[in-house]
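**Q** I'm passing along target.cif; it holds mmCIF, C-alpha atoms.
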data_upload
loop_
_atom_site.label_atom_id
_atom_site.label_comp_id
_atom_site.auth_asym_id
_atom_site.auth_seq_id
_atom_site.Cartn_x
_atom_site.Cartn_y
_atom_site.Cartn_z
CA MET M 1 34.94 -2.74 -4.38
CA GLY M 2 36.20 0.63 -3.12
CA GLN M 3 39.84 -0.35 -3.59
CA SER M 4 39.06 -1.53 -7.14
CA LEU M 5 37.71 1.93 -7.95
CA VAL M 6 40.73 3.67 -6.41
CA ARG M 7 43.23 1.44 -8.23
CA ALA M 8 41.51 1.67 -11.62
CA LYS M 9 43.14 3.68 -14.41
CA PRO M 10 41.89 7.30 -14.61
CA ASP M 11 40.02 6.76 -17.89
CA LEU M 12 38.27 3.71 -16.43
CA LYS M 13 37.16 5.38 -13.20
CA GLU M 14 34.52 7.43 -14.98
CA GLU M 15 33.09 4.25 -16.50
CA LEU M 16 33.04 2.46 -13.15
CA PHE M 17 31.77 5.35 -11.05
CA HIS M 18 28.32 6.26 -12.28
CA PRO M 19 27.77 9.96 -11.60
CA HIS M 20 24.66 11.25 -9.91
CA LEU M 21 22.71 12.82 -12.76
CA ARG M 22 20.52 15.88 -12.57
CA GLY M 23 18.73 16.87 -15.76
CA GLY M 24 20.86 14.41 -17.70
CA LYS M 25 24.10 16.04 -16.52
CA PRO M 26 26.48 15.12 -13.69
CA GLY M 27 25.05 16.42 -10.42
CA ASP M 28 26.61 16.56 -6.99
CA LYS M 29 28.65 13.37 -7.29
CA HIS M 30 31.05 12.47 -10.11
CA VAL M 31 34.68 11.35 -10.34
CA ASN M 32 36.06 14.86 -10.85
CA LYS M 33 34.22 16.66 -8.08
CA VAL M 34 35.78 17.61 -4.76
CA VAL M 35 33.27 17.42 -1.92
CA LYS M 36 33.38 18.00 1.83
CA GLY M 37 33.91 14.98 4.04
CA LEU M 38 31.15 13.58 6.18
CA PRO M 39 30.77 15.06 9.68
CA GLY M 40 33.24 13.28 11.92
CA TYR M 41 35.59 12.52 9.02
CA SER M 42 38.27 14.58 7.31
CA ASP M 43 37.55 16.51 4.15
CA ASN M 44 38.60 14.82 0.91
CA PRO M 45 41.21 17.01 -0.82
CA LYS M 46 41.06 14.97 -4.02
CA PRO M 47 38.29 13.89 -6.36
CA VAL M 48 37.80 10.16 -6.93
CA ALA M 49 39.56 10.48 -10.30
CA GLU M 50 42.83 11.43 -8.54
CA GLU M 51 42.53 9.29 -5.41
CA LYS M 52 45.17 6.59 -4.92
CA SER M 53 45.11 6.09 -1.14
CA ASP M 54 43.42 3.25 0.73
CA CYS M 55 39.72 3.49 1.42
CA LEU M 56 38.39 4.42 4.84
CA PRO M 57 37.40 1.42 6.99
CA PRO M 58 33.74 0.50 6.40
CA VAL M 59 31.11 1.16 9.09
CA ARG M 60 27.78 -0.50 9.91
CA TYR M 61 24.90 0.75 7.82
CA GLY M 62 21.19 0.17 8.35
CA TYR M 63 20.26 -0.81 4.83
CA ARG M 64 16.78 -2.25 5.41
CA SER M 65 14.75 -3.36 8.43
CA PHE M 66 16.69 -6.23 10.07
CA ASP M 67 19.39 -5.97 7.38
CA ARG M 68 22.70 -4.58 8.59
CA GLN M 69 25.32 -4.05 5.91
CA TRP M 70 28.55 -2.06 5.51
CA ILE M 71 29.31 1.26 3.87
CA LEU M 72 32.42 3.35 3.19
CA PRO M 73 32.05 6.60 5.19
CA ASP M 74 33.28 8.65 2.23
CA SER M 75 30.99 11.42 0.98
CA ARG M 76 32.46 11.13 -2.51
CA VAL M 77 30.87 7.74 -3.07
CA ILE M 78 27.55 8.13 -1.20
CA ASN M 79 24.64 9.59 -3.12
CA GLN M 80 23.32 12.59 -1.19
CA PRO M 81 24.21 11.55 2.39
CA ASN M 82 22.27 13.42 5.06
CA PRO M 83 24.90 15.45 6.95
CA GLU M 84 22.62 15.89 9.97
CA LEU M 85 22.35 12.13 10.46
CA TRP M 86 26.13 11.75 10.35
CA ARG M 87 26.66 14.80 12.59
CA SER M 88 24.27 13.55 15.27
CA HIS M 89 25.42 9.93 15.20
CA GLY M 90 26.70 8.65 18.53
CA GLU M 91 26.87 5.67 20.85
CA GLN M 92 23.43 6.39 22.33
CA GLN M 93 21.71 7.44 19.10
CA LEU M 94 18.70 5.47 17.96
CA TYR M 95 16.79 5.78 14.69
CA LEU M 96 13.12 5.21 14.01
CA THR M 97 12.26 4.64 10.36
CA ALA M 98 8.82 4.64 8.79
CA PRO M 99 7.11 5.14 5.43
CA SER M 100 6.37 8.76 4.50
CA ASP M 101 4.77 8.93 1.04
CA ARG M 102 2.63 5.81 1.53
CA SER M 103 1.03 3.92 4.37
CA PRO M 104 2.13 0.61 5.90
CA THR M 105 0.10 -2.35 4.67
CA ALA M 106 1.21 -5.19 6.95
CA GLY M 107 3.70 -6.02 9.66
CA PRO M 108 5.18 -3.37 11.98
CA ALA M 109 4.38 0.24 11.09
CA LEU M 110 7.87 1.37 12.04
CA SER M 111 11.36 -0.01 12.51
CA PHE M 112 14.47 0.78 14.57
CA THR M 113 18.23 0.65 14.09
CA THR M 114 21.40 1.91 15.79
CA ALA M 115 23.36 2.18 12.54
CA ILE M 116 22.99 5.22 10.32
CA PRO M 117 20.07 4.12 8.17
CA ASP M 118 19.33 4.33 4.50
CA LEU M 119 16.57 6.81 3.67
CA HIS M 120 14.40 3.85 2.67
CA HIS M 121 15.49 1.64 5.58
CA TYR M 122 11.90 0.80 6.55
CA ASN M 123 11.18 -1.42 3.54
CA GLY M 124 12.98 0.03 0.53
CA ARG M 125 10.31 2.50 -0.56
CA GLY M 126 9.23 6.01 0.40
CA GLY M 127 11.00 6.04 3.73
CA ARG M 128 11.87 8.61 6.35
CA VAL M 129 14.36 8.59 9.23
CA PHE M 130 13.74 10.05 12.70
CA PRO M 131 16.80 10.15 15.00
CA LEU M 132 15.94 10.14 18.71
CA TYR M 133 18.50 12.84 19.47
CA ARG M 134 19.57 15.98 17.62
CA ASP M 135 23.19 15.67 18.78
CA ALA M 136 25.82 12.95 19.06
CA ALA M 137 26.06 13.39 22.83
CA ALA M 138 22.35 12.47 23.17
CA THR M 139 21.50 15.59 25.20
CA GLN M 140 18.89 17.14 22.87
CA PRO M 141 15.81 14.97 22.22
CA ASN M 142 14.44 15.23 18.71
CA LEU M 143 10.89 15.79 19.99
CA PRO M 144 8.45 18.72 20.24
CA PRO M 145 9.89 20.98 22.97
CA LYS M 146 7.00 20.67 25.43
CA LEU M 147 6.03 17.03 24.83
CA LEU M 148 8.02 15.41 27.62
CA GLU M 149 6.98 18.12 30.07
CA PHE M 150 3.34 17.56 29.07
CA LEU M 151 3.56 13.78 29.55
CA THR M 152 5.42 14.16 32.85
CA THR M 153 2.61 16.38 34.13
CA GLU M 154 -0.13 14.03 32.91
CA TYR M 155 1.45 10.86 34.28
CA LYS M 156 2.84 12.51 37.43
CA LYS M 157 6.12 10.76 36.76
CA PRO M 158 9.20 11.80 34.75
CA VAL M 159 9.03 10.73 31.09
CA THR M 160 12.26 10.60 29.08
CA ALA M 161 12.81 10.66 25.33
CA GLU M 162 13.67 6.95 25.46
CA ASP M 163 10.42 6.24 27.35
CA PHE M 164 8.43 7.98 24.62
CA LEU M 165 10.19 6.17 21.78
CA ALA M 166 9.72 2.85 23.57
CA TYR M 167 6.00 3.63 23.91
CA LEU M 168 5.76 4.16 20.13
CA ALA M 169 7.50 0.82 19.57
CA GLY M 170 5.13 -0.97 21.91
CA VAL M 171 2.07 0.57 20.28
CA ALA M 172 2.91 0.48 16.56
CA ALA M 173 5.77 -1.94 15.82
CA HIS M 174 3.49 -4.95 15.25
CA PRO M 175 0.88 -6.11 12.69
CA ALA M 176 -2.19 -5.42 14.88
CA TYR M 177 -1.57 -1.66 14.74
CA THR M 178 -1.29 -1.70 10.96
CA ALA M 179 -4.45 -3.82 10.62
CA ARG M 180 -6.51 -1.82 13.11
CA PHE M 181 -5.76 1.57 11.57
CA GLN M 182 -5.71 0.55 7.90
CA MET M 183 -8.61 2.86 7.00
CA ASP M 184 -7.17 5.75 9.03
CA LEU M 185 -3.82 5.26 7.31
CA ALA M 186 -5.31 5.78 3.84
CA GLN M 187 -3.65 9.18 4.00
CA PRO M 188 0.10 8.65 4.61
CA GLY M 189 1.35 9.57 8.06
CA LEU M 190 1.28 7.58 11.29
CA ARG M 191 -1.09 8.65 14.05
CA MET M 192 -0.36 7.38 17.55
CA PRO M 193 -2.97 6.95 20.26
CA MET M 194 -1.48 8.39 23.49
CA THR M 195 -3.07 6.78 26.51
CA ALA M 196 -4.15 8.99 29.38
CA GLN M 197 -3.50 6.15 31.84
CA PRO M 198 0.00 6.12 33.36
CA LYS M 199 -0.13 2.37 33.93
CA LEU M 200 -0.84 1.63 30.25
CA PHE M 201 1.90 4.04 29.19
CA ALA M 202 4.38 2.21 31.42
CA GLN M 203 3.27 -1.19 30.09
CA ALA M 204 3.57 -0.08 26.47
CA ALA M 205 6.99 1.47 27.09
CA GLU M 206 8.25 -1.73 28.71
CA LEU M 207 7.04 -3.82 25.76
CA GLY M 208 8.59 -1.25 23.44
CA ARG M 209 11.97 -1.51 25.12
CA ARG M 210 11.98 -5.19 24.30
CA VAL M 211 10.89 -4.47 20.71
CA ILE M 212 13.74 -1.99 20.25
CA TRP M 213 16.19 -4.38 21.93
CA LEU M 214 15.18 -6.94 19.31
CA HIS M 215 15.20 -4.57 16.31
CA THR M 216 18.70 -3.40 17.28
CA PHE M 217 20.06 -6.91 17.85
CA GLY M 218 20.60 -6.24 21.55
CA GLU M 219 22.47 -2.94 21.11
CA ARG M 220 19.88 -0.75 22.88
CA PHE M 221 17.80 -1.19 26.03
CA ALA M 222 19.84 -4.15 27.24
CA ASP M 223 18.85 -5.08 30.80
CA ARG M 224 19.63 -8.51 32.22
CA LYS M 225 17.05 -8.11 34.99
CA ALA M 226 14.37 -7.61 32.34
CA ASP M 227 15.55 -10.62 30.30
CA ARG M 228 17.22 -8.38 27.71
CA PRO M 229 20.92 -9.29 27.94
CA PRO M 230 23.48 -7.44 25.83
CA GLY M 231 24.37 -9.03 22.50
CA PRO M 232 22.29 -10.72 19.81
CA PRO M 233 18.94 -11.89 21.30
CA ARG M 234 18.47 -15.62 21.66
CA LEU M 235 15.48 -17.94 22.00
CA PRO M 236 15.56 -20.73 24.59
CA LYS M 237 17.49 -23.70 23.24
CA GLU M 238 14.38 -25.85 22.65
CA ARG M 239 12.83 -23.17 20.39
CA ALA M 240 16.00 -21.89 18.74
CA PRO M 241 16.69 -22.22 15.00
CA ARG M 242 19.52 -24.67 14.37
CA ILE M 243 21.61 -25.93 11.48
CA PRO M 244 22.23 -29.68 11.78
CA LYS M 245 25.37 -31.18 10.29
CA ALA M 246 23.44 -32.34 7.22
CA GLY M 247 22.07 -28.82 6.71
CA ALA M 248 25.38 -26.95 6.65
CA ILE M 249 25.27 -24.22 4.00
CA PRO M 250 28.17 -25.01 1.61
CA ASP M 251 30.95 -22.44 1.44
CA ASP M 252 32.50 -23.44 -1.89
CA PRO M 253 31.93 -21.26 -4.99
CA ALA M 254 30.21 -24.01 -6.96
CA SER M 255 27.51 -24.33 -4.30
CA MET M 256 26.90 -20.62 -3.65
CA PRO M 257 23.16 -20.45 -2.74
CA ASP M 258 20.90 -18.73 -5.22
CA GLU M 259 17.48 -19.65 -3.83
CA ILE M 260 15.76 -19.51 -0.48
CA ASP M 261 12.52 -21.35 0.31
CA TYR M 262 10.54 -22.89 3.15
CA ASP M 263 9.33 -26.39 3.92
CA ALA M 264 6.31 -25.93 6.19
CA SER M 265 5.96 -29.66 6.92
CA GLN M 266 9.42 -29.70 8.55
CA ARG M 267 9.51 -26.05 9.71
CA ARG M 268 12.70 -25.80 7.70
CA LEU M 269 14.26 -22.81 5.96
CA LEU M 270 15.99 -23.94 2.75
CA VAL M 271 19.11 -21.99 1.76
CA GLY M 272 20.46 -23.44 -1.47
CA THR M 273 21.38 -27.03 -0.59
CA GLY M 274 21.65 -26.16 3.12
CA PHE M 275 18.86 -25.64 5.63
CA VAL M 276 17.91 -24.28 9.04
CA ASP M 277 15.52 -26.27 11.24
CA ASN M 278 13.05 -25.06 13.86
CA VAL M 279 11.93 -21.98 11.91
CA PRO M 280 8.26 -21.08 12.55
CA PRO M 281 6.11 -20.32 9.47
CA GLU M 282 5.37 -16.84 10.91
CA VAL M 283 9.08 -16.07 10.70
CA TRP M 284 9.26 -17.14 7.06
CA GLN M 285 6.20 -14.98 6.32
CA TYR M 286 7.34 -11.98 8.39
CA GLU M 287 7.05 -8.86 6.30
CA VAL M 288 7.49 -5.12 6.58
CA SER M 289 4.73 -3.57 4.50
CA GLY M 290 4.85 -5.97 1.57
CA LYS M 291 8.54 -6.88 1.76
CA ARG M 292 9.37 -10.34 3.12
CA VAL M 293 12.30 -9.81 5.46
CA LEU M 294 14.05 -13.13 4.81
CA THR M 295 13.71 -13.13 1.02
CA GLN M 296 14.83 -9.51 0.80
CA TRP M 297 17.75 -10.12 3.18
CA PHE M 298 18.84 -13.14 1.13
CA SER M 299 18.55 -11.27 -2.18
CA TYR M 300 21.58 -9.15 -1.23
CA ARG M 301 23.70 -12.19 -0.38
CA LYS M 302 22.78 -14.81 -2.96
CA LYS M 303 24.89 -15.83 -5.94
CA ASN M 304 23.05 -13.80 -8.58
CA ARG M 305 22.33 -10.31 -7.24
CA ALA M 306 21.61 -8.70 -10.58
CA ARG M 307 18.57 -6.43 -10.74
CA PRO M 308 16.43 -6.11 -13.88
CA ILE M 309 17.09 -2.98 -15.92
CA ILE M 310 13.83 -1.01 -16.12
CA GLY M 311 13.13 1.19 -19.14
CA ASP M 312 16.12 2.99 -20.62
CA ARG M 313 18.23 2.92 -17.48
CA ARG M 314 21.90 2.40 -18.10
CA PRO M 315 23.50 -0.94 -17.18
CA PRO M 316 24.86 -1.08 -13.62
CA SER M 317 28.52 -0.38 -12.90
CA LYS M 318 30.86 -3.35 -13.18
CA LEU M 319 31.84 -2.64 -9.57
CA GLY M 320 28.61 -4.41 -8.69
CA ASP M 321 30.10 -7.64 -10.02
CA ILE M 322 32.69 -7.58 -7.24
CA GLN M 323 31.16 -9.67 -4.48
CA PRO M 324 31.98 -12.84 -2.53
CA ASP M 325 31.98 -15.90 -4.78
CA HIS M 326 30.95 -18.15 -1.89
CA TRP M 327 28.66 -18.15 1.14
CA LEU M 328 30.47 -16.41 4.00
CA ALA M 329 30.46 -17.64 7.60
CA GLU M 330 29.29 -14.16 8.66
CA TYR M 331 26.19 -14.63 6.46
CA THR M 332 25.24 -17.71 8.48
CA THR M 333 25.85 -15.91 11.77
CA GLU M 334 23.72 -12.95 10.75
CA LEU M 335 20.98 -15.16 9.31
CA LEU M 336 20.67 -16.93 12.64
CA ASN M 337 20.61 -13.55 14.41
CA VAL M 338 17.72 -12.44 12.20
CA LEU M 339 15.80 -15.69 12.73
CA HIS M 340 16.06 -15.40 16.50
CA VAL M 341 14.94 -11.75 16.42
CA LEU M 342 11.94 -12.35 14.15
CA ALA M 343 10.78 -15.36 16.18
CA LEU M 344 10.95 -13.37 19.41
CA LEU M 345 9.05 -10.48 17.82
CA VAL M 346 6.32 -12.86 16.64
CA GLU M 347 5.98 -14.15 20.21
CA MET M 348 5.40 -10.59 21.43
CA GLU M 349 2.62 -9.75 19.00
CA PRO M 350 -0.36 -11.06 21.06
CA ALA M 351 0.69 -8.98 24.09
CA GLN M 352 1.13 -5.88 21.91
CA ALA M 353 -2.26 -6.40 20.25
CA LYS M 354 -3.98 -6.79 23.63
CA LEU M 355 -2.35 -3.65 25.00
CA LEU M 356 -3.28 -1.66 21.88
CA GLU M 357 -6.93 -2.64 22.41
CA ALA M 358 -6.75 -1.45 26.02
CA ILE M 359 -5.19 1.88 24.99
CA CYS M 360 -7.72 2.53 22.23
CA GLY M 361 -10.60 1.49 24.48
CA GLY M 362 -9.66 3.96 27.21
CA PRO M 363 -9.14 7.72 27.51
CA THR M 364 -6.41 9.27 25.38
CA LEU M 365 -4.42 12.51 25.47
CA ASP M 366 -4.54 15.38 22.99
CA PHE M 367 -1.16 17.09 22.76
CA ARG M 368 -1.03 20.29 20.71
CA GLY M 369 2.40 21.58 21.66
#
If you took the structure in this file and wrote it as structure tokens, what would it be?
**A**
Amino acid sequence: MGQSLVRAKPDLKEELFHPHLRGGKPGDKHVNKVVKGLPGYSDNPKPVAEEKSDCLPPVRYGYRSFDRQWILPDSRVINQPNPELWRSHGEQQLYLTAPSDRSPTAGPALSFTTAIPDLHHYNGRGGRVFPLYRDAAATQPNLPPKLLEFLTTEYKKPVTAEDFLAYLAGVAAHPAYTARFQMDLAQPGLRMPMTAQPKLFAQAAELGRRVIWLHTFGERFADRKADRPPGPPRLPKERAPRIPKAGAIPDDPASMPDEIDYDASQRRLLVGTGFVDNVPPEVWQYEVSGKRVLTQWFSYRKKNRARPIIGDRRPPSKLGDIQPDHWLAEYTTELLNVLHVLALLVEMEPAQAKLLEAICGGPTLDFRG
């Protein structure tokens, strides 16, 4: 797609590259504007209209919860990228995403990713991103200055930024939190009960490390001794999703899948004419505040990805028509990764719900730092 834009004739580039409009006029991004490069990348001396060189290699991008995609790290073609997120991105960085202008309605109240996330990563609406660290070297926690000192004093044991983030994951990244605090969440903004009991804090943080390990597909908090090996998480073989020979998802253009469904009687996920067996109904139903993870994930990889044009919006750029004409092997690999992760998260929910009850039923801390 990027190379098609670069190689297009100058008069066609403006038609393909829809400018960012502000007040009906081109805003900060259009084919003739020179803009600074993203932090960590060289500045772009040419506008898109004059560019003829190859595109930069794509990088992982956290598009939605449990949906990792790819993006060109070129500020000329990204609408309002957050320079602070790109500047502080590093090998130890970790992002928490949550709704900001509305409250969660079901599923986990927050999500995690290691890839630079979309603003609306949480579920596609009204999102906000919270990086764990303020710098790429992961030396400056993005937390209130006295919080960790306060918790260390209360628990009489050192508390790190990762411990605190893991605690949040253990407490709020599951449906029981969202259900319990539904009335309190009528006003947008997540409120976290901080236990005063060191033992409960440690238990929640340990559960949270596993949650984050799952959300990040094994890229953070890997620990073989704690049954969190590096790499994509996997269920035991007897509970793992599997694609039998008869269920192979066709990879020819004529059979490109356009529908996804579920057969509860066979615990089978239907992908076009292919299928995946051993998929629990809770995985099919897994949602992040009204958005079904599997149906949303599939919508960006199915044959017809067109979106309805609402109101007087202009038709989408023809660059959007450039997409694989067949089901890719990497789609199958990633689909299985997602199924394993969601199933393992579902298995954790009872333990998280029980711990949340214990935290809310006991003494809590009041930090005003």
**Q** How many Å separate CA of Met192 (chain M) from CA of Leu168 (chain M)?
**A**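 According to the coordinates, CA of Met192 (chain M) and CA of Leu168 (chain M) are separated by 7.4 Å.
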**Q** Selected by the PyMOL selection byres ((chain M and resi 125) around 9) in the shown coordinates: which residues, as a list in words?
**A**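 For this structure, the PyMOL selection byres ((chain M and resi 125) around 9) resolves to Pro99, Ser100, Asp101, Arg102, Leu119, His120, His121, Tyr122, Asn123, Gly124, Gly126 and Gly127 of chain M.
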**Q** Tell me, as a ChimeraX atom specification, which residues lie within 7 Å of Gly107 (chain M), counting all atoms listed in the file; anything in the same chain fewer than 3 positions away does not count.
**A** /M:174-175,178,287-289
**Q** Could you tell me, as a list of chain:residue names, exactly which residues end up selected when the PyMOL selection byres ((chain M and resi 60-65) around 6) is applied to this structure?
**A**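 Output from the PyMOL selection byres ((chain M and resi 60-65) around 6), applied to this file: M:Val59, M:Phe66, M:Asp67, M:Arg68, M:Gln69, M:Trp70, M:Ile71, M:Ala115, M:Ile116, M:Pro117, M:Asp118, M:His121, M:Tyr122, M:Asn123.
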**Q** Choose the residue, out of M:Pro188, M:Phe150, M:Leu143, M:Lys157, that has the smallest atom-to-atom separation from Arg128 (chain M); count all atoms listed in the file.
**A** M:Pro188
**Q** If you count only C-alpha atoms, which residues fall within 9 Å of Leu345 (chain M), apart from same-chain ones fewer than 6 positions away, as a ChimeraX atom specification?
**A** /M:174,210-211,214-215
**Q** Could you jot down the CA of Gln93 (chain M) to CA of Asp163 (chain M) separation for me, Å, one decimal place?
**A** 14.0 Å
**Q** Calculated over all atoms listed in the file, which of the candidates M:Asp366, M:Glu357, M:Asp223, M:Asp251 has the smallest distance to Glu330 (chain M)?
**A**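 Once distances to Glu330 (chain M) are computed over all atoms listed in the file, the minimum belongs to M:Asp251.
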**Q** Hey, which of M:Ala49, M:Ala306, M:Cys360, M:Leu342 ends up closest to Arg292 (chain M)? Count all atoms listed in the file.
**A**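 So, comparing all the options, the nearest one is M:Leu342.
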**Q** What does the distance between CA of Leu207 (chain M) and CA of Pro104 (chain M) come to in Å, to one decimal place?
**A**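 Atom-to-atom, CA of Leu207 (chain M) and CA of Pro104 (chain M) are spaced 20.9 Å apart.
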**Q** Up to 9 Å from (4.9, -7.6, 18.5) in the file's coordinates: name the residues, counting all atoms listed in the file, as a VMD selection string.
**A** chain M and resid 108 169 to 176 207 to 208 211 344 to 353
**Q** Using the chain letters and numbers from the file, which residues does the PyMOL selection byres ((chain M and resi 256-267) around 7) grab, as a PDB file with C-alpha atoms, keeping the file's coordinate frame?
**A**
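Full text of expr26.pdb as output:
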ATOM      1  CA  PRO M 250      28.170 -25.010   1.610  1.00  0.00           C
ATOM      2  CA  ASP M 251      30.950 -22.440   1.440  1.00  0.00           C
ATOM      3  CA  ASP M 252      32.500 -23.440  -1.890  1.00  0.00           C
ATOM      4  CA  PRO M 253      31.930 -21.260  -4.990  1.00  0.00           C
ATOM      5  CA  ALA M 254      30.210 -24.010  -6.960  1.00  0.00           C
ATOM      6  CA  SER M 255      27.510 -24.330  -4.300  1.00  0.00           C
ATOM      7  CA  ARG M 268      12.700 -25.800   7.700  1.00  0.00           C
ATOM      8  CA  LEU M 269      14.260 -22.810   5.960  1.00  0.00           C
ATOM      9  CA  LEU M 270      15.990 -23.940   2.750  1.00  0.00           C
ATOM     10  CA  VAL M 271      19.110 -21.990   1.760  1.00  0.00           C
ATOM     11  CA  GLY M 272      20.460 -23.440  -1.470  1.00  0.00           C
ATOM     12  CA  ASP M 277      15.520 -26.270  11.240  1.00  0.00           C
ATOM     13  CA  ASN M 278      13.050 -25.060  13.860  1.00  0.00           C
ATOM     14  CA  VAL M 279      11.930 -21.980  11.910  1.00  0.00           C
ATOM     15  CA  PRO M 280       8.260 -21.080  12.550  1.00  0.00           C
ATOM     16  CA  PRO M 281       6.110 -20.320   9.470  1.00  0.00           C
ATOM     17  CA  THR M 295      13.710 -13.130   1.020  1.00  0.00           C
ATOM     18  CA  LYS M 302      22.780 -14.810  -2.960  1.00  0.00           C
ATOM     19  CA  LYS M 303      24.890 -15.830  -5.940  1.00  0.00           C
ATOM     20  CA  ASN M 304      23.050 -13.800  -8.580  1.00  0.00           C
ATOM     21  CA  HIS M 326      30.950 -18.150  -1.890  1.00  0.00           C
ATOM     22  CA  TRP M 327      28.660 -18.150   1.140  1.00  0.00           C
TER      23      TRP M 327
END
**Q** Which polymer residues have any atom within 9 Å of an atom of region 75-92 of chain M, counting all atoms listed in the file, with same-chain residues fewer than 6 positions away left out, as a PDB file with C-alpha atoms, in the coordinates of the input?
**A**
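The resulting file, result05.pdb, is reproduced below:
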ATOM      1  CA  GLY M   2      36.200   0.630  -3.120  1.00  0.00           C
ATOM      2  CA  PHE M  17      31.770   5.350 -11.050  1.00  0.00           C
ATOM      3  CA  HIS M  20      24.660  11.250  -9.910  1.00  0.00           C
ATOM      4  CA  ASP M  28      26.610  16.560  -6.990  1.00  0.00           C
ATOM      5  CA  LYS M  29      28.650  13.370  -7.290  1.00  0.00           C
ATOM      6  CA  HIS M  30      31.050  12.470 -10.110  1.00  0.00           C
ATOM      7  CA  VAL M  31      34.680  11.350 -10.340  1.00  0.00           C
ATOM      8  CA  LYS M  33      34.220  16.660  -8.080  1.00  0.00           C
ATOM      9  CA  VAL M  34      35.780  17.610  -4.760  1.00  0.00           C
ATOM     10  CA  VAL M  35      33.270  17.420  -1.920  1.00  0.00           C
ATOM     11  CA  LYS M  36      33.380  18.000   1.830  1.00  0.00           C
ATOM     12  CA  GLY M  37      33.910  14.980   4.040  1.00  0.00           C
ATOM     13  CA  LEU M  38      31.150  13.580   6.180  1.00  0.00           C
ATOM     14  CA  PRO M  39      30.770  15.060   9.680  1.00  0.00           C
ATOM     15  CA  GLY M  40      33.240  13.280  11.920  1.00  0.00           C
ATOM     16  CA  ASP M  43      37.550  16.510   4.150  1.00  0.00           C
ATOM     17  CA  ASN M  44      38.600  14.820   0.910  1.00  0.00           C
ATOM     18  CA  PRO M  47      38.290  13.890  -6.360  1.00  0.00           C
ATOM     19  CA  VAL M  48      37.800  10.160  -6.930  1.00  0.00           C
ATOM     20  CA  THR M 114      21.400   1.910  15.790  1.00  0.00           C
ATOM     21  CA  ALA M 115      23.360   2.180  12.540  1.00  0.00           C
ATOM     22  CA  ILE M 116      22.990   5.220  10.320  1.00  0.00           C
ATOM     23  CA  PRO M 117      20.070   4.120   8.170  1.00  0.00           C
ATOM     24  CA  ASP M 118      19.330   4.330   4.500  1.00  0.00           C
ATOM     25  CA  LEU M 119      16.570   6.810   3.670  1.00  0.00           C
ATOM     26  CA  VAL M 129      14.360   8.590   9.230  1.00  0.00           C
ATOM     27  CA  PRO M 131      16.800  10.150  15.000  1.00  0.00           C
ATOM     28  CA  TYR M 133      18.500  12.840  19.470  1.00  0.00           C
ATOM     29  CA  ARG M 134      19.570  15.980  17.620  1.00  0.00           C
ATOM     30  CA  ASP M 135      23.190  15.670  18.780  1.00  0.00           C
ATOM     31  CA  ALA M 136      25.820  12.950  19.060  1.00  0.00           C
ATOM     32  CA  ALA M 137      26.060  13.390  22.830  1.00  0.00           C
ATOM     33  CA  ALA M 138      22.350  12.470  23.170  1.00  0.00           C
ATOM     34  CA  ARG M 220      19.880  -0.750  22.880  1.00  0.00           C
TER      35      ARG M 220
END
**Q** With all atoms listed in the file as the basis for distance, which of M:Leu328, M:Ala226, M:Ala205, M:Leu190 is at the shortest distance from Ile249 (chain M)?
**A**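 Checking each candidate against Ile249 (chain M), we get M:Leu328 as the closest.
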**Q** With all atoms listed in the file as the basis for distance, which of M:Pro232, M:Asp74, M:Phe181, M:Leu56 is at the shortest distance from Leu336 (chain M)?
**A** M:Pro232
**Q** Compare M:Phe201, M:Tyr300, M:Phe221, M:Phe367 by their minimum atom-to-atom distance to Leu355 (chain M), counting all atoms listed in the file, and give me the closest one.
**A** M:Phe201
